[in-house]
$ cat input-v4.cif   # mmCIF, C-alpha atoms
data_coords
#
loop_
_atom_site.label_atom_id
_atom_site.label_comp_id
_atom_site.auth_asym_id
_atom_site.auth_seq_id
_atom_site.Cartn_x
_atom_site.Cartn_y
_atom_site.Cartn_z
CA MET A 1389 13.49 32.94 -14.88
CA GLU A 1390 14.43 31.82 -11.36
CA GLN A 1391 17.97 30.52 -11.06
CA TRP A 1392 18.80 27.40 -9.05
CA ARG A 1393 22.18 25.94 -8.30
CA LEU A 1394 22.95 22.50 -9.72
CA ILE A 1395 25.64 20.39 -8.04
CA VAL A 1396 26.71 17.09 -9.60
CA ASP A 1397 28.95 15.72 -6.90
CA VAL A 1398 31.69 13.13 -6.72
CA PRO A 1399 31.00 9.88 -4.81
CA ALA A 1400 31.43 10.22 -1.05
CA ALA A 1401 30.93 8.28 2.18
CA GLY A 1402 27.53 8.32 3.87
CA ALA A 1403 28.39 10.74 6.68
CA ARG A 1404 29.86 13.17 4.19
CA ASN A 1405 26.83 13.03 1.92
CA MET A 1406 24.40 13.71 4.74
CA ALA A 1407 26.56 16.53 6.11
CA VAL A 1408 26.69 18.21 2.69
CA ASP A 1409 22.90 18.03 2.26
CA HIS A 1410 22.49 19.55 5.72
CA ALA A 1411 25.04 22.30 5.07
CA ILE A 1412 23.33 23.22 1.80
CA LEU A 1413 19.96 23.48 3.56
CA GLU A 1414 21.44 25.81 6.17
CA ALA A 1415 22.93 28.02 3.45
CA VAL A 1416 19.60 28.14 1.60
CA ILE A 1417 17.78 29.09 4.81
CA ALA A 1418 20.37 31.81 5.51
CA GLY A 1419 19.93 33.19 2.00
CA THR A 1420 23.59 32.71 1.09
CA ALA A 1421 22.73 30.02 -1.45
CA SER A 1422 19.97 29.79 -4.03
CA PRO A 1423 17.61 26.78 -4.15
CA THR A 1424 19.83 23.81 -4.88
CA LEU A 1425 19.49 20.53 -6.72
CA ARG A 1426 22.27 18.07 -5.95
CA PHE A 1427 22.96 14.70 -7.57
CA TYR A 1428 25.41 12.36 -5.87
CA GLN A 1429 26.64 8.82 -5.32
CA TRP A 1430 27.94 6.83 -2.33
CA HIS A 1431 31.35 5.23 -1.84
CA PRO A 1432 31.53 2.82 -0.21
CA ALA A 1433 27.98 1.53 -0.49
CA CYS A 1434 26.13 2.66 2.62
CA LEU A 1435 23.06 1.71 4.63
CA SER A 1436 21.14 4.79 5.72
CA LEU A 1437 18.66 4.69 8.58
CA GLY A 1438 15.70 7.00 8.90
CA TYR A 1439 15.84 9.68 11.60
CA GLY A 1440 13.69 7.73 14.05
CA GLN A 1441 14.60 4.19 13.05
CA HIS A 1442 15.99 1.73 15.61
CA ALA A 1443 19.67 0.94 15.05
CA HIS A 1444 19.22 -2.60 16.40
CA GLU A 1445 17.51 -3.44 13.09
CA VAL A 1446 21.01 -3.47 11.51
CA ASP A 1447 23.15 -6.63 11.58
CA LEU A 1448 26.52 -4.98 12.19
CA ALA A 1449 28.53 -8.17 11.66
CA ARG A 1450 27.01 -8.68 8.23
CA LEU A 1451 27.38 -4.98 7.43
CA THR A 1452 31.11 -5.18 8.23
CA ALA A 1453 31.52 -8.38 6.23
CA HIS A 1454 30.02 -6.68 3.18
CA ARG A 1455 32.19 -3.58 3.77
CA PHE A 1456 29.19 -1.27 3.69
CA GLY A 1457 29.03 1.99 5.62
CA VAL A 1458 26.15 3.05 7.84
CA VAL A 1459 24.72 6.50 8.55
CA ARG A 1460 21.55 8.00 10.01
CA ARG A 1461 19.69 10.45 7.79
CA PRO A 1462 18.26 13.75 9.05
CA THR A 1463 15.02 12.75 7.29
CA GLY A 1464 12.49 10.12 8.28
CA GLY A 1465 11.53 6.85 6.69
CA GLN A 1466 13.10 3.41 6.73
CA ALA A 1467 16.42 1.86 5.78
CA VAL A 1468 17.91 2.29 2.30
CA LEU A 1469 21.01 0.62 0.90
CA HIS A 1470 22.74 3.18 -1.30
CA ALA A 1471 24.67 1.33 -3.98
CA ASP A 1472 24.67 1.69 -7.78
CA GLU A 1473 22.16 4.52 -7.61
CA LEU A 1474 21.58 8.18 -8.27
CA THR A 1475 20.66 10.16 -5.18
CA TYR A 1476 19.04 13.56 -5.52
CA SER A 1477 18.53 16.29 -2.96
CA ILE A 1478 16.54 19.51 -3.24
CA ALA A 1479 16.97 22.32 -0.70
CA LEU A 1480 14.45 25.16 -0.72
CA PRO A 1481 13.47 28.08 1.51
CA ASP A 1482 10.12 27.33 3.10
CA SER A 1483 8.67 30.38 1.35
CA HIS A 1484 9.22 28.80 -2.07
CA PRO A 1485 6.01 27.82 -3.93
CA LEU A 1486 7.23 24.21 -4.29
CA ALA A 1487 7.58 23.96 -0.51
CA GLN A 1488 4.20 25.40 0.41
CA GLY A 1489 1.55 23.45 2.29
CA SER A 1490 1.92 20.06 3.92
CA ILE A 1491 4.69 17.53 3.37
CA VAL A 1492 2.33 15.51 1.18
CA GLU A 1493 1.50 18.56 -0.95
CA SER A 1494 5.14 19.46 -1.50
CA TYR A 1495 5.97 15.80 -2.18
CA ARG A 1496 3.41 15.88 -4.98
CA ARG A 1497 4.87 19.03 -6.54
CA LEU A 1498 8.45 17.79 -6.34
CA SER A 1499 7.42 14.37 -7.65
CA ASP A 1500 5.96 15.98 -10.77
CA GLY A 1501 9.44 17.06 -11.86
CA LEU A 1502 10.98 13.66 -11.15
CA ILE A 1503 8.19 11.96 -13.08
CA ALA A 1504 8.87 14.19 -16.08
CA GLY A 1505 12.54 13.23 -15.96
CA LEU A 1506 11.84 9.52 -15.71
CA LYS A 1507 9.37 9.72 -18.58
CA ALA A 1508 12.12 11.38 -20.61
CA LEU A 1509 14.14 8.23 -19.94
CA GLY A 1510 11.34 6.21 -21.49
CA ILE A 1511 9.72 4.89 -18.31
CA ALA A 1512 5.99 4.85 -17.56
CA VAL A 1513 5.89 6.04 -13.96
CA ARG A 1514 3.21 7.39 -11.67
CA ALA A 1515 2.81 8.95 -8.24
CA GLU A 1516 -0.53 8.79 -6.48
CA PRO A 1517 -1.95 9.14 -2.99
CA ARG A 1518 -1.44 5.96 -1.01
CA GLN A 1519 -4.69 4.00 -1.05
CA GLN A 1520 -3.91 1.80 1.94
CA ARG A 1521 -1.04 0.84 4.15
CA ILE A 1522 0.78 -2.19 2.76
CA SER A 1523 1.06 -5.13 5.11
CA SER A 1524 4.79 -5.71 5.36
CA ILE A 1525 6.96 -8.67 6.20
CA SER A 1526 9.96 -6.38 6.50
CA PRO A 1527 8.78 -2.90 7.57
CA VAL A 1528 12.35 -1.69 8.16
CA VAL A 1529 13.05 -1.48 4.39
CA CYS A 1530 12.14 1.74 2.59
CA PHE A 1531 11.66 0.17 -0.84
CA GLU A 1532 9.35 -2.51 0.51
CA SER A 1533 6.47 -0.06 0.99
CA THR A 1534 5.18 3.15 -0.56
CA SER A 1535 4.02 6.49 0.81
CA ASP A 1536 1.93 9.27 -0.68
CA TYR A 1537 3.18 10.43 -4.09
CA GLU A 1538 6.22 8.20 -4.15
CA ILE A 1539 7.11 7.14 -7.65
CA THR A 1540 6.26 3.67 -8.90
CA CYS A 1541 6.63 1.80 -12.17
CA ASN A 1542 4.45 -1.18 -13.07
CA GLY A 1543 3.23 -1.24 -9.48
CA ARG A 1544 6.71 -1.38 -7.94
CA LYS A 1545 8.55 1.39 -6.13
CA LEU A 1546 11.28 3.07 -8.18
CA VAL A 1547 12.19 6.19 -6.15
CA GLY A 1548 12.32 6.35 -2.36
CA SER A 1549 12.20 9.89 -0.97
CA ALA A 1550 12.14 11.55 2.44
CA GLN A 1551 11.73 15.13 3.59
CA MET A 1552 12.97 17.26 6.48
CA ARG A 1553 11.48 20.60 7.44
CA LYS A 1554 13.62 22.97 9.42
CA ARG A 1555 12.49 26.45 10.35
CA GLY A 1556 13.09 28.45 7.21
CA GLY A 1557 13.68 25.60 4.80
CA VAL A 1558 12.85 22.21 3.34
CA LEU A 1559 15.20 19.40 2.35
CA GLN A 1560 13.98 16.49 0.26
CA HIS A 1561 16.30 13.77 -0.89
CA GLY A 1562 15.74 10.42 -2.47
CA SER A 1563 17.22 7.30 -4.02
CA LEU A 1564 16.85 6.15 -7.63
CA PRO A 1565 18.40 2.65 -7.97
CA LEU A 1566 20.11 2.36 -11.34
CA VAL A 1567 21.20 -1.29 -11.47
CA GLY A 1568 21.66 -4.32 -9.25
CA ASP A 1569 19.73 -6.39 -6.76
CA ALA A 1570 17.02 -4.34 -5.04
CA ALA A 1571 16.91 -6.89 -2.19
CA ARG A 1572 20.59 -6.71 -1.23
CA ILE A 1573 19.60 -4.62 1.76
CA CYS A 1574 18.13 -7.72 3.40
CA GLU A 1575 21.65 -9.16 3.70
CA VAL A 1576 22.64 -6.55 6.29
CA LEU A 1577 19.47 -6.28 8.37
CA ARG A 1578 18.66 -8.37 11.42
CA TYR A 1579 16.21 -11.27 11.07
CA ASP A 1580 15.35 -14.02 13.52
CA THR A 1581 15.94 -16.79 10.96
CA GLU A 1582 17.34 -17.22 7.48
CA THR A 1583 13.86 -18.19 6.35
CA ALA A 1584 12.64 -14.78 7.49
CA ARG A 1585 15.52 -13.15 5.58
CA GLN A 1586 14.59 -14.97 2.39
CA ASP A 1587 10.93 -14.07 2.85
CA ALA A 1588 11.97 -10.44 3.22
CA ARG A 1589 14.08 -10.64 0.05
CA LYS A 1590 11.10 -11.95 -1.91
CA SER A 1591 8.86 -9.22 -0.51
CA VAL A 1592 11.31 -6.49 -1.53
CA LEU A 1593 11.77 -7.92 -5.02
CA ASP A 1594 8.00 -8.06 -5.43
CA ARG A 1595 7.61 -4.39 -4.48
CA ALA A 1596 10.78 -2.61 -5.65
CA THR A 1597 12.48 -2.12 -8.99
CA THR A 1598 15.51 -0.47 -10.62
CA LEU A 1599 16.01 1.69 -13.70
CA GLU A 1600 17.86 -1.15 -15.39
CA ALA A 1601 14.98 -3.57 -14.81
CA GLU A 1602 12.50 -1.14 -16.36
CA THR A 1603 14.56 0.04 -19.34
CA HIS A 1604 16.47 -3.21 -20.02
CA THR A 1605 19.66 -1.17 -20.36
CA ALA A 1606 22.48 -0.29 -17.95
CA PRO A 1607 21.90 3.41 -17.20
CA LEU A 1608 24.89 5.63 -16.46
CA PHE A 1609 24.84 8.07 -13.53
CA TYR A 1610 25.88 11.19 -15.46
CA GLN A 1611 23.49 10.54 -18.33
CA VAL A 1612 20.56 10.05 -15.95
CA ALA A 1613 21.55 13.17 -13.98
CA GLU A 1614 21.61 15.26 -17.16
CA THR A 1615 18.21 14.01 -18.32
CA LEU A 1616 16.64 14.57 -14.90
CA ALA A 1617 18.11 18.07 -14.61
CA GLU A 1618 16.68 19.09 -17.99
CA ALA A 1619 13.25 17.76 -17.09
CA LEU A 1620 13.26 19.30 -13.61
CA ALA A 1621 14.25 22.69 -15.04
CA ALA A 1622 11.27 22.58 -17.40
CA ALA A 1623 8.83 21.25 -14.79
CA TYR A 1624 9.81 23.80 -12.14
CA GLU A 1625 10.35 26.62 -14.69
CA VAL A 1626 13.83 27.38 -13.41
CA LEU A 1627 17.31 27.78 -14.87
CA PHE A 1628 20.02 25.55 -13.41
CA VAL A 1629 23.50 27.02 -13.02
CA ARG A 1630 26.25 24.48 -12.44
CA ARG A 1631 28.14 25.24 -9.23
CA VAL A 1632 30.00 23.63 -6.33
CA LEU A 1633 29.84 24.16 -2.56
CA ASP A 1634 31.22 27.51 -1.47
CA GLU A 1635 33.94 27.71 1.19
CA ASP A 1636 31.54 28.32 4.07
CA GLU A 1637 29.33 25.36 3.10
CA HIS A 1638 32.37 23.14 2.76
CA ALA A 1639 33.63 24.15 6.21
CA ARG A 1640 30.18 23.66 7.74
CA ALA A 1641 29.86 20.21 6.16
CA ILE A 1642 33.15 19.18 7.78
CA VAL A 1643 31.82 20.23 11.19
CA LEU A 1644 28.48 18.46 10.66
CA GLU A 1645 30.24 15.30 9.53
CA ASP A 1646 32.52 15.32 12.57
CA GLN A 1647 29.97 16.26 15.21
CA ILE A 1648 26.81 14.57 13.91
CA TYR A 1649 26.75 12.29 10.91
CA GLY A 1650 30.07 10.58 11.53
CA SER A 1651 29.33 10.12 15.24
CA ASP A 1652 28.26 6.78 16.72
CA SER A 1653 26.17 8.65 19.27
CA TRP A 1654 24.03 9.92 16.37
CA THR A 1655 24.05 6.82 14.18
CA PHE A 1656 23.32 4.30 16.95
CA ARG A 1657 21.30 6.45 19.30
CA ARG A 1658 18.19 4.24 19.02
#
$ encode --input "input-v4.cif" --output "structure tokens"
Amino acid sequence: MEQWRLIVDVPAAGARNMAVDHAILEAVIAGTASPTLRFYQWHPACLSLGYGQHAHEVDLARLTAHRFGVVRRPTGGQAVLHADELTYSIALPDSHPLAQGSIVESYRRLSDGLIAGLKALGIAVRAEPRQQRISSISPVVCFESTSDYEITCNGRKLVGSAQMRKRGGVLQHGSLPLVGDAARICEVLRYDTETARQDARKSVLDRATTLEAETHTAPLFYQVAETLAEALAAAYEVLFVRRVLDEDEHARAIVLEDQIYGSDSWTFRR
């Protein structure tokens, strides 16, 4: 049976989390690390922008007042507020069967494992091709719209994922909100009026959900991570071996954090 590395990480700031995902992908591409599943959290809570998203969509004064961090992801998509959630990342060589084909095809394969894990938590979820583009009041918010094979529950988005392809490898990471207000993100984005902000909040609440809302319990990070790991191992037919970053990955993550993900020239470049 194929062995993958499983990392269950301690909470970290946004720039650190993105640098670690990137460092892991580089190690997987180089062949110095096996395919890796990583679960992690964010401290402090952090707004992440998609790779091509405009930074002027962030209200920096409000972000500072809420004491949230901000980072730009290496993956595409729209803004996500990472708070009270489980974040997963999967790094694979591009030769791996799960990574083959188009982004949409690999999304579908990777979603199958996540769906199995969420069903093990007692949630009726699904992931289907997007039938039509949703007309959006607030298109800057990831959880306010769905893409192909993103995971929904009762018609509302539960997991927001994004993928990066680099020559030799694939990184997919995503957010599973555990508890809290799915529309909090609207408090730190820029709107012309407060009426527009409240309209955006309503739109997000209509289209996004959390694990707590669907299970009517307060899920715990480590319990959810364990259940997902067991289901993913079965779905992908792999054996997870619990590990940590090696010394080279750790050193590379420090460099990536300093030179890219912690840099204003990266975060606010658009």
$ residues_near_point --input "input-v4.cif" --point "(30.3, 14.3, 10.9)" --cutoff "10 Å" --atoms "all atoms listed in the file" --output "list in words"
Gly1402, Ala1403, Arg1404, Asn1405, Met1406, Ala1407, Val1408, Val1459, Arg1640, Ala1641, Ile1642, Val1643, Leu1644, Glu1645, Asp1646, Gln1647, Ile1648, Tyr1649, Gly1650, Ser1651, Asp1652 and Trp1654 of chain A
$ resolve_selection --input "input-v4.cif" --expression "the PyMOL selection byres ((chain A and resi 1465-1476) around 8)" --output "short mmCIF file (atom, residue, chain, number, x, y, z; two decimals) with C-alpha atoms, keeping the file's coordinate frame"
data_model
loop_
_atom_site.label_atom_id
_atom_site.label_comp_id
_atom_site.auth_asym_id
_atom_site.auth_seq_id
_atom_site.Cartn_x
_atom_site.Cartn_y
_atom_site.Cartn_z
CA LEU A 1425 19.49 20.53 -6.72
CA ARG A 1426 22.27 18.07 -5.95
CA PHE A 1427 22.96 14.70 -7.57
CA TYR A 1428 25.41 12.36 -5.87
CA GLN A 1429 26.64 8.82 -5.32
CA TRP A 1430 27.94 6.83 -2.33
CA PRO A 1432 31.53 2.82 -0.21
CA ALA A 1433 27.98 1.53 -0.49
CA CYS A 1434 26.13 2.66 2.62
CA LEU A 1435 23.06 1.71 4.63
CA SER A 1436 21.14 4.79 5.72
CA LEU A 1437 18.66 4.69 8.58
CA GLY A 1438 15.70 7.00 8.90
CA TYR A 1439 15.84 9.68 11.60
CA GLY A 1440 13.69 7.73 14.05
CA GLN A 1441 14.60 4.19 13.05
CA THR A 1463 15.02 12.75 7.29
CA GLY A 1464 12.49 10.12 8.28
CA SER A 1477 18.53 16.29 -2.96
CA ILE A 1478 16.54 19.51 -3.24
CA PRO A 1527 8.78 -2.90 7.57
CA VAL A 1528 12.35 -1.69 8.16
CA VAL A 1529 13.05 -1.48 4.39
CA CYS A 1530 12.14 1.74 2.59
CA PHE A 1531 11.66 0.17 -0.84
CA ALA A 1550 12.14 11.55 2.44
CA HIS A 1561 16.30 13.77 -0.89
CA GLY A 1562 15.74 10.42 -2.47
CA SER A 1563 17.22 7.30 -4.02
CA LEU A 1564 16.85 6.15 -7.63
CA PRO A 1565 18.40 2.65 -7.97
CA LEU A 1566 20.11 2.36 -11.34
CA VAL A 1567 21.20 -1.29 -11.47
CA GLY A 1568 21.66 -4.32 -9.25
CA ARG A 1572 20.59 -6.71 -1.23
CA ILE A 1573 19.60 -4.62 1.76
CA PHE A 1609 24.84 8.07 -13.53
CA VAL A 1612 20.56 10.05 -15.95
CA ALA A 1613 21.55 13.17 -13.98
#
$ residues_around --input "input-v4.cif" --residues "His1442 in chain A" --least-positions-apart "2" --cutoff "6 Å" --atoms "all atoms listed in the file" --output "PyMOL selection string"
chain A and resi 1444-1445+1658
$ write_last_selection --input "input-v4.cif" --atoms "C-alpha atoms" --output "PDB file, keeping the file's coordinate frame"
ATOM      1  CA  HIS A1444      19.220  -2.600  16.400  1.00  0.00           C
ATOM      2  CA  GLU A1445      17.510  -3.440  13.090  1.00  0.00           C
ATOM      3  CA  ARG A1658      18.190   4.240  19.020  1.00  0.00           C
TER       4      ARG A1658
END
$ closest_residue --input "input-v4.cif" --among "A:Ala1588, A:Leu1616, A:Ala1621, A:Ala1401" --to "Val1576 in chain A" --atoms "all atoms listed in the file"
A:Ala1588
$ closest_residue --input "input-v4.cif" --among "A:Ile1503, A:Thr1655, A:Ser1549, A:Leu1486" --to "Gly1457 in chain A" --atoms "only C-alpha atoms"
A:Thr1655
$ closest_residue --input "input-v4.cif" --among "A:Asp1536, A:Asp1397, A:Asp1634, A:Asp1500" --to "His1431 in chain A" --atoms "only C-alpha atoms"
A:Asp1397
$ decode --input "input-v4.cif" --residues "range 1414-1438 of chain A" --atoms "C-alpha atoms" --output "CSV table (one decimal), in the first residue's frame"
chain,number,residue,atom,x,y,z
A,1414,GLU,CA,8.6,21.7,-3.5
A,1415,ALA,CA,9.8,18.7,-1.4
A,1416,VAL,CA,7.2,16.4,-3.0
A,1417,ILE,CA,8.2,17.6,-6.5
A,1418,ALA,CA,11.9,17.0,-5.7
A,1419,GLY,CA,11.1,13.5,-4.4
A,1420,THR,CA,12.5,14.2,-1.0
A,1421,ALA,CA,9.0,13.9,0.6
A,1422,SER,CA,6.2,11.5,-0.1
A,1423,PRO,CA,2.7,12.7,-1.0
A,1424,THR,CA,1.5,14.7,2.0
A,1425,LEU,CA,-1.8,15.5,3.7
A,1426,ARG,CA,-1.6,18.4,6.2
A,1427,PHE,CA,-4.2,19.6,8.6
A,1428,TYR,CA,-3.7,23.0,10.2
A,1429,GLN,CA,-5.3,26.0,11.9
A,1430,TRP,CA,-4.7,29.8,11.8
A,1431,HIS,CA,-3.6,32.1,14.7
A,1432,PRO,CA,-4.5,34.8,14.6
A,1433,ALA,CA,-7.6,34.5,12.4
A,1434,CYS,CA,-6.5,35.5,8.9
A,1435,LEU,CA,-8.0,36.8,5.7
A,1436,SER,CA,-6.5,35.0,2.7
A,1437,LEU,CA,-6.7,36.5,-0.8
A,1438,GLY,CA,-6.7,34.4,-4.0
